file final.cif (mmCIF, C-alpha atoms)
data_entry
loop_
_atom_site.group_PDB
_atom_site.id
_atom_site.type_symbol
_atom_site.label_atom_id
_atom_site.label_comp_id
_atom_site.auth_asym_id
_atom_site.auth_seq_id
_atom_site.Cartn_x
_atom_site.Cartn_y
_atom_site.Cartn_z
ATOM 1 C CA MET A 8 -116.292 -27.747 42.027
ATOM 2 C CA ALA A 9 -116.481 -25.031 44.643
ATOM 3 C CA PHE A 10 -116.724 -25.930 48.330
ATOM 4 C CA GLU A 11 -117.574 -23.972 51.462
ATOM 5 C CA ILE A 12 -114.140 -24.714 52.927
ATOM 6 C CA GLU A 13 -111.316 -23.834 50.545
ATOM 7 C CA LYS A 14 -107.686 -24.183 51.626
ATOM 8 C CA THR A 15 -104.409 -24.234 49.758
ATOM 9 C CA GLU A 16 -102.462 -27.468 49.543
ATOM 10 C CA ASP A 17 -100.016 -26.100 52.142
ATOM 11 C CA GLU A 18 -102.868 -25.223 54.513
ATOM 12 C CA TRP A 19 -104.253 -28.763 54.209
ATOM 13 C CA ARG A 20 -100.770 -30.210 54.834
ATOM 14 C CA GLN A 21 -100.538 -28.182 58.058
ATOM 15 C CA THR A 22 -103.952 -29.470 59.178
ATOM 16 C CA LEU A 23 -103.749 -33.152 58.214
ATOM 17 C CA ASP A 24 -101.154 -35.834 58.931
ATOM 18 C CA PRO A 25 -99.427 -37.208 55.795
ATOM 19 C CA GLU A 26 -101.542 -40.387 55.472
ATOM 20 C CA ARG A 27 -104.814 -38.521 55.904
ATOM 21 C CA PHE A 28 -103.641 -35.797 53.482
ATOM 22 C CA ALA A 29 -102.877 -38.453 50.858
ATOM 23 C CA VAL A 30 -106.391 -39.887 51.103
ATOM 24 C CA LEU A 31 -108.474 -36.736 51.551
ATOM 25 C CA ARG A 32 -106.590 -34.393 49.236
ATOM 26 C CA GLN A 33 -104.853 -36.726 46.739
ATOM 27 C CA ALA A 34 -107.458 -39.530 46.480
ATOM 28 C CA ALA A 35 -105.119 -42.223 47.797
ATOM 29 C CA THR A 36 -106.640 -45.448 49.096
ATOM 30 C CA GLU A 37 -105.665 -47.224 52.289
ATOM 31 C CA ALA A 38 -104.950 -50.936 51.997
ATOM 32 C CA PRO A 39 -108.031 -53.136 52.430
ATOM 33 C CA PHE A 40 -108.726 -54.562 55.891
ATOM 34 C CA THR A 41 -106.277 -52.119 57.549
ATOM 35 C CA GLY A 42 -108.524 -49.191 58.443
ATOM 36 C CA SER A 43 -109.150 -48.407 62.084
ATOM 37 C CA LEU A 44 -112.900 -47.924 61.565
ATOM 38 C CA LEU A 45 -113.609 -51.101 59.608
ATOM 39 C CA HIS A 46 -114.949 -53.015 62.610
ATOM 40 C CA VAL A 47 -116.446 -50.134 64.591
ATOM 41 C CA ASP A 48 -120.005 -51.156 65.407
ATOM 42 C CA ASP A 49 -120.771 -48.765 68.265
ATOM 43 C CA GLU A 50 -123.593 -46.248 68.004
ATOM 44 C CA GLY A 51 -122.520 -42.839 66.790
ATOM 45 C CA VAL A 52 -121.713 -40.729 63.768
ATOM 46 C CA PHE A 53 -118.940 -40.722 61.193
ATOM 47 C CA ARG A 54 -117.595 -37.286 60.309
ATOM 48 C CA CYS A 55 -115.333 -35.982 57.561
ATOM 49 C CA GLY A 56 -111.708 -36.157 58.684
ATOM 50 C CA GLY A 57 -111.006 -32.859 56.937
ATOM 51 C CA CYS A 58 -113.781 -30.603 58.201
ATOM 52 C CA GLY A 59 -115.867 -32.546 60.726
ATOM 53 C CA GLN A 60 -119.093 -32.561 58.718
ATOM 54 C CA ARG A 61 -121.469 -35.363 59.749
ATOM 55 C CA LEU A 62 -121.552 -37.861 56.851
ATOM 56 C CA PHE A 63 -122.897 -41.218 58.056
ATOM 57 C CA THR A 64 -124.523 -42.752 61.125
ATOM 58 C CA SER A 65 -123.797 -46.125 62.662
ATOM 59 C CA SER A 66 -127.255 -47.325 61.558
ATOM 60 C CA GLN A 67 -126.145 -46.828 57.935
ATOM 61 C CA LYS A 68 -122.977 -48.937 58.363
ATOM 62 C CA PHE A 69 -122.809 -52.597 57.351
ATOM 63 C CA ASP A 70 -120.135 -55.252 56.821
ATOM 64 C CA SER A 71 -119.731 -55.571 53.074
ATOM 65 C CA GLY A 72 -116.649 -57.792 53.265
ATOM 66 C CA CYS A 73 -114.810 -55.454 50.876
ATOM 67 C CA GLY A 74 -112.157 -54.339 53.390
ATOM 68 C CA TRP A 75 -113.307 -50.752 53.932
ATOM 69 C CA PRO A 76 -116.070 -49.275 56.084
ATOM 70 C CA SER A 77 -119.296 -49.449 54.092
ATOM 71 C CA PHE A 78 -122.556 -47.564 54.411
ATOM 72 C CA ASP A 79 -125.875 -47.997 52.586
ATOM 73 C CA ALA A 80 -126.783 -44.294 52.757
ATOM 74 C CA CYS A 81 -125.311 -40.933 53.697
ATOM 75 C CA GLU A 82 -126.737 -37.993 55.558
ATOM 76 C CA PRO A 83 -128.670 -35.788 53.098
ATOM 77 C CA GLY A 84 -126.609 -33.191 51.239
ATOM 78 C CA THR A 85 -123.256 -34.271 52.661
ATOM 79 C CA ILE A 86 -121.780 -36.142 49.703
ATOM 80 C CA VAL A 87 -121.096 -35.021 46.152
ATOM 81 C CA GLU A 88 -120.230 -37.435 43.388
ATOM 82 C CA ARG A 89 -117.987 -37.208 40.364
ATOM 83 C CA VAL A 90 -116.844 -39.603 37.684
ATOM 84 C CA ASP A 91 -113.512 -41.310 38.383
ATOM 85 C CA ARG A 92 -111.839 -42.866 35.348
ATOM 86 C CA SER A 93 -108.661 -43.992 37.101
ATOM 87 C CA LEU A 94 -107.760 -47.696 37.202
ATOM 88 C CA PHE A 95 -108.913 -48.103 33.585
ATOM 89 C CA ARG A 96 -112.624 -48.169 34.442
ATOM 90 C CA GLU A 97 -115.355 -45.758 35.386
ATOM 91 C CA ARG A 98 -116.383 -45.470 39.035
ATOM 92 C CA THR A 99 -118.239 -42.890 41.106
ATOM 93 C CA GLU A 100 -115.972 -41.020 43.500
ATOM 94 C CA ILE A 101 -117.539 -39.548 46.641
ATOM 95 C CA LEU A 102 -116.408 -36.264 48.183
ATOM 96 C CA CYS A 103 -117.388 -34.319 51.287
ATOM 97 C CA SER A 104 -119.790 -31.601 50.139
ATOM 98 C CA LYS A 105 -118.299 -29.084 52.583
ATOM 99 C CA CYS A 106 -114.530 -29.392 52.002
ATOM 100 C CA GLY A 107 -114.196 -31.567 48.887
ATOM 101 C CA GLY A 108 -112.220 -34.259 50.702
ATOM 102 C CA HIS A 109 -111.988 -37.604 48.894
ATOM 103 C CA LEU A 110 -113.843 -40.236 50.907
ATOM 104 C CA GLY A 111 -113.913 -43.234 48.577
ATOM 105 C CA HIS A 112 -116.442 -44.504 46.036
ATOM 106 C CA VAL A 113 -120.099 -45.491 45.852
ATOM 107 C CA PHE A 114 -121.298 -48.640 44.101
ATOM 108 C CA ASP A 115 -124.759 -49.913 43.231
ATOM 109 C CA ASP A 116 -124.298 -53.363 44.773
ATOM 110 C CA GLY A 117 -125.453 -52.656 48.329
ATOM 111 C CA PRO A 118 -127.571 -55.255 50.151
ATOM 112 C CA THR A 119 -130.309 -52.991 51.523
ATOM 113 C CA GLN A 120 -133.259 -51.258 49.911
ATOM 114 C CA THR A 121 -131.029 -48.335 48.864
ATOM 115 C CA GLY A 122 -128.955 -50.670 46.695
ATOM 116 C CA LEU A 123 -125.901 -48.530 47.505
ATOM 117 C CA ARG A 124 -122.527 -49.285 49.050
ATOM 118 C CA TYR A 125 -120.556 -46.217 50.073
ATOM 119 C CA CYS A 126 -117.043 -47.646 50.371
ATOM 120 C CA VAL A 127 -115.056 -45.233 52.552
ATOM 121 C CA ASN A 128 -111.441 -44.986 53.680
ATOM 122 C CA SER A 129 -111.059 -45.016 57.476
ATOM 123 C CA LEU A 130 -108.418 -42.304 57.078
ATOM 124 C CA ALA A 131 -111.044 -40.025 55.502
ATOM 125 C CA ILE A 132 -113.459 -40.118 58.436
ATOM 126 C CA ASP A 133 -113.620 -39.859 62.210
ATOM 127 C CA PHE A 134 -115.989 -41.736 64.497
ATOM 128 C CA GLU A 135 -117.826 -40.002 67.323
ATOM 129 C CA GLY A 136 -119.513 -42.515 69.603
ATOM 130 C CA SER A 137 -122.767 -41.754 71.370
ATOM 131 C CA ARG A 138 -120.899 -41.905 74.677
ATOM 132 C CA ASP A 139 -118.052 -39.631 73.559
#
call {"tool": "encode", "arguments": {"input": "final.cif", "output": "structure tokens"}}
result
Amino acid sequence: MAFEIEKTEDEWRQTLDPERFAVLRQAATEAPFTGSLLHVDDEGVFRCGGCGQRLFTSSQKFDSGCGWPSFDACEPGTIVERVDRSLFRERTEILCSKCGGHLGHVFDDGPTQTGLRYCVNSLAIDFEGSRD
């Protein structure tokens, strides 16, 4: 896939701290219930930790109990999906449409009318509160 923001691995390493690099550029996953944004319930927006693109709003966030921040929808055109066959099963990986950063996965078991649960690593996103 081609993305608007293209950087070499070394350029990403200079931009991102090692934990964030592992998640966004190598599809690592933070341990469940450890992410700094899991319990953020303030009004605001969640942006890609790699490029700053607006991905989700606080109104789209819900507590799924899965251990990672979860959203029932994304902002239009901000997420691309691809098949992930790691872990011996097929899942749908979600990436930032602007920089290709790995965010997490989307599942079809969400509790709202969308039926979706975007399960996102806290290390892959930043929160910008309405008062920030």
call {"tool": "residues_around", "arguments": {"input": "final.cif", "residues": "A:Ser66", "least_positions_apart": "6", "cutoff": "9 Å", "atoms": "all atoms listed in the file", "output": "list in words"}}
result
Glu50, Gly51, Val52 and Phe78 of chain A
call {"tool": "resolve_selection", "arguments": {"input": "final.cif", "expression": "the PyMOL selection byres ((chain A and resi 54) around 9)", "output": "mmCIF file with C-alpha atoms, in the frame of the given file"}}
result
data_model
loop_
_atom_site.group_PDB
_atom_site.id
_atom_site.type_symbol
_atom_site.label_atom_id
_atom_site.label_comp_id
_atom_site.auth_asym_id
_atom_site.auth_seq_id
_atom_site.Cartn_x
_atom_site.Cartn_y
_atom_site.Cartn_z
ATOM 1 C CA VAL A 52 -121.713 -40.729 63.768
ATOM 2 C CA PHE A 53 -118.940 -40.722 61.193
ATOM 3 C CA CYS A 55 -115.333 -35.982 57.561
ATOM 4 C CA GLY A 56 -111.708 -36.157 58.684
ATOM 5 C CA GLY A 57 -111.006 -32.859 56.937
ATOM 6 C CA CYS A 58 -113.781 -30.603 58.201
ATOM 7 C CA GLY A 59 -115.867 -32.546 60.726
ATOM 8 C CA GLN A 60 -119.093 -32.561 58.718
ATOM 9 C CA ARG A 61 -121.469 -35.363 59.749
ATOM 10 C CA LEU A 62 -121.552 -37.861 56.851
ATOM 11 C CA PHE A 63 -122.897 -41.218 58.056
ATOM 12 C CA THR A 64 -124.523 -42.752 61.125
ATOM 13 C CA ALA A 131 -111.044 -40.025 55.502
ATOM 14 C CA ILE A 132 -113.459 -40.118 58.436
ATOM 15 C CA ASP A 133 -113.620 -39.859 62.210
ATOM 16 C CA PHE A 134 -115.989 -41.736 64.497
ATOM 17 C CA GLU A 135 -117.826 -40.002 67.323
#
call {"tool": "closest_residue", "arguments": {"input": "final.cif", "among": "A:Gly111, A:Pro76, A:Cys106, A:Gly42", "to": "A:Val90", "atoms": "all atoms listed in the file"}}
result
A:Gly111
call {"tool": "atom_distance", "arguments": {"input": "final.cif", "atom1": "atom CA of A:Gly122", "atom2": "atom CA of A:Leu31"}}
result
25.2 Å
call {"tool": "resolve_selection", "arguments": {"input": "final.cif", "expression": "the PyMOL selection byres ((chain A and resi 100) around 10)", "output": "list in words"}}
result
Ala34, Ile86, Val87, Glu88, Arg89, Val90, Asp91, Arg92, Glu97, Arg98, Thr99, Ile101, Leu102, His109, Leu110, Gly111, His112, Val113, Phe114, Tyr125 and Cys126 of chain A
